[in-house]
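Coordinates as given in model_25.cif (mmCIF, C-alpha atoms):
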```cif
data_model
loop_
_atom_site.label_atom_id
_atom_site.label_comp_id
_atom_site.auth_asym_id
_atom_site.auth_seq_id
_atom_site.Cartn_x
_atom_site.Cartn_y
_atom_site.Cartn_z
CA MET A 1 -97.38 -276.23 41.78
CA VAL A 2 -97.29 -275.37 45.48
CA GLU A 3 -98.22 -278.49 47.46
CA ALA A 4 -99.80 -276.46 50.26
CA VAL A 5 -102.41 -275.08 47.84
CA GLN A 6 -104.13 -278.35 46.90
CA GLY A 7 -107.30 -278.59 48.98
CA ALA A 8 -106.40 -275.55 51.09
CA GLY A 9 -109.00 -273.12 52.34
CA VAL A 10 -108.01 -269.74 50.90
CA VAL A 11 -109.46 -266.27 51.47
CA VAL A 12 -108.66 -263.44 49.05
CA THR A 13 -109.89 -259.96 49.97
CA GLY A 14 -110.48 -257.29 47.35
CA ALA A 15 -110.88 -260.11 44.84
CA GLY A 16 -113.60 -258.60 42.67
CA GLY A 17 -110.97 -257.51 40.14
CA GLY A 18 -107.32 -256.71 39.58
CA ILE A 19 -104.66 -258.48 41.62
CA GLY A 20 -107.21 -260.05 43.95
CA ALA A 21 -109.14 -261.71 41.14
CA ALA A 22 -105.88 -262.97 39.61
CA LEU A 23 -104.86 -264.48 42.97
CA ALA A 24 -108.27 -266.11 43.41
CA ARG A 25 -108.10 -267.65 39.93
CA ARG A 26 -104.57 -268.94 40.50
CA PHE A 27 -105.38 -270.54 43.85
CA ALA A 28 -108.53 -272.14 42.40
CA ALA A 29 -106.54 -273.49 39.45
CA GLY A 30 -104.15 -275.05 41.97
CA GLY A 31 -106.97 -276.96 43.63
CA ALA A 32 -107.72 -274.64 46.53
CA ARG A 33 -111.17 -273.90 47.92
CA VAL A 34 -111.40 -270.12 47.55
CA VAL A 35 -113.46 -267.52 49.36
CA VAL A 36 -113.79 -264.42 47.16
CA ASN A 37 -114.24 -261.23 49.15
CA ASP A 38 -115.00 -257.75 47.88
CA LEU A 39 -117.02 -254.76 49.04
CA ASP A 40 -118.88 -255.01 45.74
CA ALA A 41 -121.04 -258.10 46.16
CA ARG A 42 -121.74 -258.44 42.43
CA LYS A 43 -118.05 -258.47 41.57
CA ALA A 44 -117.30 -261.00 44.31
CA GLU A 45 -120.11 -263.27 43.13
CA ALA A 46 -119.00 -263.04 39.49
CA VAL A 47 -115.42 -264.10 40.26
CA ALA A 48 -116.62 -266.82 42.66
CA GLU A 49 -118.95 -268.25 40.00
CA GLU A 50 -116.15 -268.19 37.42
CA ILE A 51 -113.69 -270.15 39.58
CA GLY A 52 -116.10 -272.37 41.52
CA GLY A 53 -115.42 -270.44 44.71
CA ILE A 54 -117.58 -268.97 47.46
CA ALA A 55 -118.48 -265.27 47.57
CA VAL A 56 -118.29 -263.64 51.00
CA PRO A 57 -118.76 -259.93 50.27
CA GLY A 58 -118.30 -257.13 52.78
CA ASP A 59 -115.67 -255.28 54.76
CA ALA A 60 -112.43 -257.29 54.66
CA SER A 61 -111.88 -256.49 58.36
CA ALA A 62 -114.95 -258.39 59.46
CA ILE A 63 -115.30 -261.52 57.33
CA ILE A 64 -113.03 -264.06 59.04
CA ALA A 65 -115.81 -265.87 60.90
CA ASP A 66 -118.03 -266.07 57.80
CA ALA A 67 -115.10 -267.13 55.60
CA ARG A 68 -114.11 -269.82 58.09
CA ASP A 69 -117.66 -271.16 58.11
CA ALA A 70 -117.81 -271.09 54.31
CA LEU A 71 -114.62 -273.17 54.17
CA GLY A 72 -115.86 -275.77 56.60
CA GLY A 73 -114.13 -274.50 59.71
CA ALA A 74 -110.57 -273.51 58.79
CA VAL A 75 -108.71 -270.83 56.82
CA ASP A 76 -105.32 -272.08 55.65
CA VAL A 77 -104.21 -269.12 53.52
CA TYR A 78 -105.32 -265.52 53.97
CA CYS A 79 -104.52 -262.99 51.25
CA ALA A 80 -104.80 -259.46 52.65
CA ASN A 81 -105.17 -257.87 49.24
CA ALA A 82 -107.91 -255.24 49.65
CA GLY A 83 -106.46 -251.73 49.54
CA VAL A 84 -107.19 -248.11 48.75
CA ALA A 85 -105.11 -245.43 47.08
CA PHE A 86 -105.60 -241.69 47.14
CA GLY A 87 -103.32 -239.85 44.76
CA GLY A 88 -102.81 -236.40 43.39
CA ASP A 89 -101.45 -234.62 46.48
CA ALA A 90 -100.65 -231.12 45.28
CA PRO A 91 -97.55 -229.49 46.85
CA GLY A 92 -98.51 -226.89 49.43
CA GLN A 93 -102.10 -228.04 49.84
CA PRO A 94 -103.35 -229.59 53.11
CA LEU A 95 -103.55 -233.38 53.00
CA ASP A 96 -107.06 -234.80 53.30
CA GLU A 97 -107.47 -236.29 56.79
CA LYS A 98 -110.28 -238.58 55.63
CA ALA A 99 -107.94 -240.03 53.02
CA TRP A 100 -105.42 -240.66 55.78
CA SER A 101 -107.88 -242.35 58.14
CA THR A 102 -109.40 -244.51 55.40
CA SER A 103 -105.97 -245.51 54.11
CA TRP A 104 -104.80 -246.43 57.60
CA ASP A 105 -107.93 -248.47 58.28
CA VAL A 106 -107.93 -250.41 55.00
CA ASN A 107 -104.22 -250.71 54.21
CA VAL A 108 -102.98 -251.47 57.74
CA MET A 109 -105.65 -252.11 60.36
CA ALA A 110 -107.58 -254.58 58.21
CA HIS A 111 -104.41 -256.71 58.18
CA VAL A 112 -104.06 -256.39 61.95
CA ARG A 113 -107.68 -257.38 62.55
CA ALA A 114 -107.39 -260.37 60.22
CA ALA A 115 -104.22 -261.56 61.95
CA ASN A 116 -105.86 -261.19 65.36
CA ALA A 117 -108.73 -263.38 64.20
CA LEU A 118 -106.57 -265.99 62.45
CA LEU A 119 -103.55 -266.44 64.72
CA PRO A 120 -105.12 -268.31 67.66
CA ALA A 121 -106.20 -271.24 65.45
CA TRP A 122 -103.03 -271.14 63.37
CA LEU A 123 -100.77 -271.19 66.43
CA GLU A 124 -102.75 -274.01 67.99
CA ARG A 125 -102.31 -276.23 64.94
CA GLY A 126 -98.83 -274.94 64.02
CA SER A 127 -99.54 -273.76 60.47
CA GLY A 128 -101.04 -270.92 58.48
CA ARG A 129 -100.07 -268.61 55.63
CA PHE A 130 -100.60 -264.82 55.56
CA VAL A 131 -100.12 -263.09 52.20
CA SER A 132 -99.95 -259.29 52.28
CA THR A 133 -100.33 -257.34 49.05
CA VAL A 134 -98.18 -254.35 49.89
CA SER A 135 -96.60 -252.39 47.01
CA ALA A 136 -93.15 -251.21 46.04
CA ALA A 137 -94.34 -247.98 47.66
CA GLY A 138 -94.07 -249.82 50.98
CA LEU A 139 -90.36 -250.39 50.38
CA LEU A 140 -89.62 -247.13 48.56
CA THR A 141 -92.33 -244.44 48.37
CA MET A 142 -94.60 -242.81 45.81
CA ILE A 143 -94.78 -239.19 44.76
CA GLY A 144 -98.14 -237.46 45.04
CA ALA A 145 -99.71 -240.10 47.30
CA ALA A 146 -98.65 -239.60 50.91
CA PRO A 147 -101.45 -241.63 52.59
CA TYR A 148 -100.83 -244.56 50.25
CA ALA A 149 -97.05 -244.53 50.58
CA VAL A 150 -97.04 -244.16 54.36
CA THR A 151 -99.69 -246.81 55.05
CA LYS A 152 -98.07 -249.27 52.66
CA HIS A 153 -94.88 -248.84 54.70
CA GLY A 154 -97.04 -249.79 57.68
CA ALA A 155 -98.45 -252.85 55.92
CA TYR A 156 -94.94 -254.02 55.07
CA ALA A 157 -93.74 -253.47 58.63
CA PHE A 158 -96.67 -255.48 60.00
CA ALA A 159 -95.95 -258.35 57.61
CA GLU A 160 -92.32 -258.30 58.76
CA TYR A 161 -93.47 -258.37 62.37
CA LEU A 162 -95.69 -261.39 61.76
CA SER A 163 -92.88 -263.25 60.02
CA LEU A 164 -90.17 -262.59 62.60
CA THR A 165 -92.52 -263.33 65.50
CA TYR A 166 -94.22 -266.52 64.32
CA ARG A 167 -92.11 -268.26 61.67
CA HIS A 168 -90.70 -270.73 64.21
CA ARG A 169 -94.29 -271.67 65.10
CA GLY A 170 -95.24 -272.68 61.56
CA ILE A 171 -96.70 -269.39 60.28
CA LYS A 172 -95.53 -268.41 56.80
CA VAL A 173 -95.78 -264.78 55.67
CA HIS A 174 -95.29 -263.29 52.21
CA ALA A 175 -95.19 -259.59 51.30
CA ILE A 176 -95.88 -258.88 47.62
CA CYS A 177 -94.39 -255.55 46.53
CA PRO A 178 -95.05 -254.78 42.85
CA GLN A 179 -94.67 -251.42 41.18
CA GLY A 180 -97.33 -250.58 38.60
CA VAL A 181 -99.96 -253.23 37.88
CA ARG A 182 -102.58 -252.73 35.16
CA THR A 183 -105.65 -252.32 37.36
CA ASP A 184 -108.30 -249.72 38.10
CA MET A 185 -106.18 -248.59 41.06
CA LEU A 186 -103.32 -247.72 38.71
CA ASP A 187 -105.69 -245.69 36.54
CA ALA A 188 -106.77 -243.77 39.66
CA THR A 189 -103.21 -242.62 40.41
CA GLY A 190 -103.49 -239.95 37.73
CA SER A 191 -100.52 -238.13 36.28
CA ALA A 192 -98.10 -239.33 38.98
CA GLY A 193 -98.91 -242.93 38.10
CA ASP A 194 -98.61 -242.14 34.40
CA LEU A 195 -95.09 -240.84 35.01
CA VAL A 196 -93.73 -243.37 37.51
CA LEU A 197 -95.74 -246.58 37.23
CA LYS A 198 -97.38 -247.08 33.84
CA PRO A 199 -94.20 -247.41 31.74
CA THR A 200 -93.28 -250.68 33.47
CA ALA A 201 -96.75 -251.84 34.54
CA ILE A 202 -97.41 -255.58 34.49
CA ALA A 203 -100.58 -257.67 34.37
CA PRO A 204 -102.28 -258.88 37.58
CA GLU A 205 -101.57 -262.44 36.47
CA ASP A 206 -97.84 -261.68 36.65
CA VAL A 207 -98.26 -260.81 40.32
CA ALA A 208 -100.01 -264.13 40.96
CA ASP A 209 -97.18 -265.96 39.15
CA ALA A 210 -94.62 -264.17 41.33
CA LEU A 211 -96.48 -265.12 44.51
CA PHE A 212 -96.60 -268.80 43.59
CA LYS A 213 -92.90 -268.80 42.74
CA GLY A 214 -92.18 -267.10 46.07
CA MET A 215 -94.27 -269.66 47.96
CA GLU A 216 -92.42 -272.50 46.25
CA GLU A 217 -89.11 -270.93 47.33
CA ASP A 218 -90.47 -270.05 50.81
CA ARG A 219 -89.53 -266.36 50.40
CA PHE A 220 -90.94 -263.55 52.51
CA LEU A 221 -90.31 -260.66 50.09
CA ILE A 222 -91.82 -261.14 46.65
CA LEU A 223 -90.87 -258.65 43.93
CA PRO A 224 -92.84 -259.00 40.68
CA HIS A 225 -90.60 -256.17 39.41
CA PRO A 226 -87.10 -257.55 40.18
CA GLU A 227 -85.50 -254.12 39.71
CA VAL A 228 -87.15 -252.98 42.96
CA ALA A 229 -84.48 -254.93 44.87
CA ALA A 230 -81.75 -252.63 43.51
CA TYR A 231 -83.83 -249.52 44.28
CA TYR A 232 -84.39 -250.76 47.83
CA GLN A 233 -80.65 -251.39 48.30
CA ALA A 234 -79.79 -247.95 46.94
CA ARG A 235 -82.32 -246.31 49.25
CA ALA A 236 -80.74 -247.98 52.28
CA ALA A 237 -77.12 -247.45 51.23
CA GLU A 238 -77.33 -243.82 50.05
CA PRO A 239 -80.54 -242.24 51.34
CA ASP A 240 -79.66 -238.67 50.38
CA ARG A 241 -78.78 -239.65 46.84
CA TRP A 242 -81.97 -241.68 46.59
CA LEU A 243 -84.09 -238.81 47.98
CA ALA A 244 -82.49 -236.44 45.48
CA GLY A 245 -83.49 -238.78 42.68
CA MET A 246 -87.05 -238.96 43.97
CA ASN A 247 -87.15 -235.18 44.29
CA HIS A 248 -86.10 -234.97 40.64
CA LEU A 249 -89.15 -237.10 39.81
CA GLN A 250 -91.29 -234.81 41.95
CA GLN A 251 -90.07 -231.75 40.06
CA LYS A 252 -90.68 -233.48 36.74
CA TRP A 253 -94.23 -234.29 37.84
CA GLU A 254 -94.87 -230.70 38.99
CA GLU A 255 -93.63 -229.35 35.67
CA ALA A 256 -95.93 -231.72 33.79
CA ARG A 257 -98.91 -230.67 35.90
#
```
Can the structure from this file be put into structure tokens for me?
Amino acid sequence: MVEAVQGAGVVVTGAGGGIGAALARRFAAGGARVVVNDLDARKAEAVAEEIGGIAVPGDASAIIADARDALGGAVDVYCANAGVAFGGDAPGQPLDEKAWSTSWDVNVMAHVRAANALLPAWLERGSGRFVSTVSAAGLLTMIGAAPYAVTKHGAYAFAEYLSLTYRHRGIKVHAICPQGVRTDMLDATGSAGDLVLKPTAIAPEDVADALFKGMEEDRFLILPHPEVAAYYQARAAEPDRWLAGMNHLQQKWEEAR
């Protein structure tokens, strides 16, 4: 059990299902007071009722003040979990600019806005924990999903920035980077997800387990799929070879389509 969780005020965005709901359940089981956020108010309220938490539905970018009030004045742990994925980019077709703008706003700027709202109080007291649900796509990439892959790179870079800038001032940051997780978002990835992600997909609860283990070990990078570490090393060491391998996957996907 992570000591910092007992009695902590925790916010989990996108917690109406999937990874977010699993994180909310795990924090509540550890004795935390949990704010459950989701755009879908009914889903947020259902999870909150299940775990004895507090539902604060709405846009994840704009709930910090309400979440802080719900927790009695302080947020100790913020899980930036809400995300969107647009898949199915067909080679040669223009990429949807709305998909790009929405992905940038939800997958990156929501994290920036949350940090802007949280950091003043955290720096004043010398503690705070920011958990970013990124994706292995943020370390590697994903075929057929340019807006998702690119913005998840951005989310990972922002988490790195927070960690390197504030760790000496008591701020802890964790970036969770799973591959496929059995959620509605995985189902929405279509044939590309079927090819690349579903064969090794894990349960949302496995992601929560990996986060808690990473918090116990005070690790920044959390890999629920350990093999991603080797892929990440190969990408850095031999980028052309790695890109050739990814292009092979792309061709395989195109043939299947």
Inset, instruction - Determine, counting only C-alpha atoms, which protein, DNA and RNA residues have an atom within 10 Å of an atom of Glu254 of chain A; residues of the same chain fewer than 3 positions away are not included. Present the result as a ChimeraX atom specification. - result: /A:90-91,144,191-192,248-251,257
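Minimum distance to Ala67 of chain A across A:Lys43, A:Arg33, A:Arg235, A:Lys152 (counting only C-alpha atoms) occurs at A:Arg33.
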Could you pull the residues within 10 Å of Trp100 of chain A, counting all atoms listed in the file, minus those fewer than 5 positions along the same chain, as an mmCIF file with C-alpha atoms, in the frame of the given file?
```
data_model
loop_
_atom_site.group_PDB
_atom_site.id
_atom_site.type_symbol
_atom_site.label_atom_id
_atom_site.label_comp_id
_atom_site.auth_asym_id
_atom_site.auth_seq_id
_atom_site.Cartn_x
_atom_site.Cartn_y
_atom_site.Cartn_z
ATOM 1 C CA ALA A 85 -105.110 -245.430 47.080
ATOM 2 C CA PHE A 86 -105.600 -241.690 47.140
ATOM 3 C CA LEU A 95 -103.550 -233.380 53.000
ATOM 4 C CA ASP A 105 -107.930 -248.470 58.280
ATOM 5 C CA ALA A 146 -98.650 -239.600 50.910
ATOM 6 C CA PRO A 147 -101.450 -241.630 52.590
ATOM 7 C CA TYR A 148 -100.830 -244.560 50.250
ATOM 8 C CA VAL A 150 -97.040 -244.160 54.360
ATOM 9 C CA THR A 151 -99.690 -246.810 55.050
#
```
Inset, instruction - State, in Å with one decimal place, the distance from atom CA of Ala70 of chain A to atom CA of Val35 of chain A. - result: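 Atom CA of Val35 of chain A lies 7.5 Å from atom CA of Ala70 of chain A.
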Legend entry - Contacts of Ala44 of chain A within 12 Å, all atoms listed in the file, excl. fewer than 3 positions in-chain, as a count of residues only: 31
Using 4 Å of padding on each side, determine the axis-aligned box around all atoms of segment 34-45 of chain A present in the file and give its centre and edge lengths in Å to one decimal, as lines of an AutoDock Vina configuration file.
```
center_x = -116.6
center_y = -262.4
center_z = 45.5
size_x = 18.3
size_y = 23.4
size_z = 15.8
```
Inset, instruction - Please provide as number ranges by chain all residues within 12 Å of Val228 of chain A, with the sequence filter that same-chain residues fewer than 6 positions apart are discarded (counting only C-alpha atoms). - result: A: 135-141, 176-180, 200, 221-222, 234-235
Inset, instruction - Please indicate the distance in Å from atom CA of Gly190 of chain A to atom CA of Trp242 of chain A, rounded to one decimal place. - result: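 Between atom CA of Gly190 of chain A and atom CA of Trp242 of chain A the gap is 23.3 Å.
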Inset, instruction - Record the distance separating atom CA of Thr165 of chain A and atom CA of Ala110 of chain A, expressed in Å with one decimal. - result: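 Atom-to-atom, atom CA of Thr165 of chain A and atom CA of Ala110 of chain A are spaced 18.9 Å apart.
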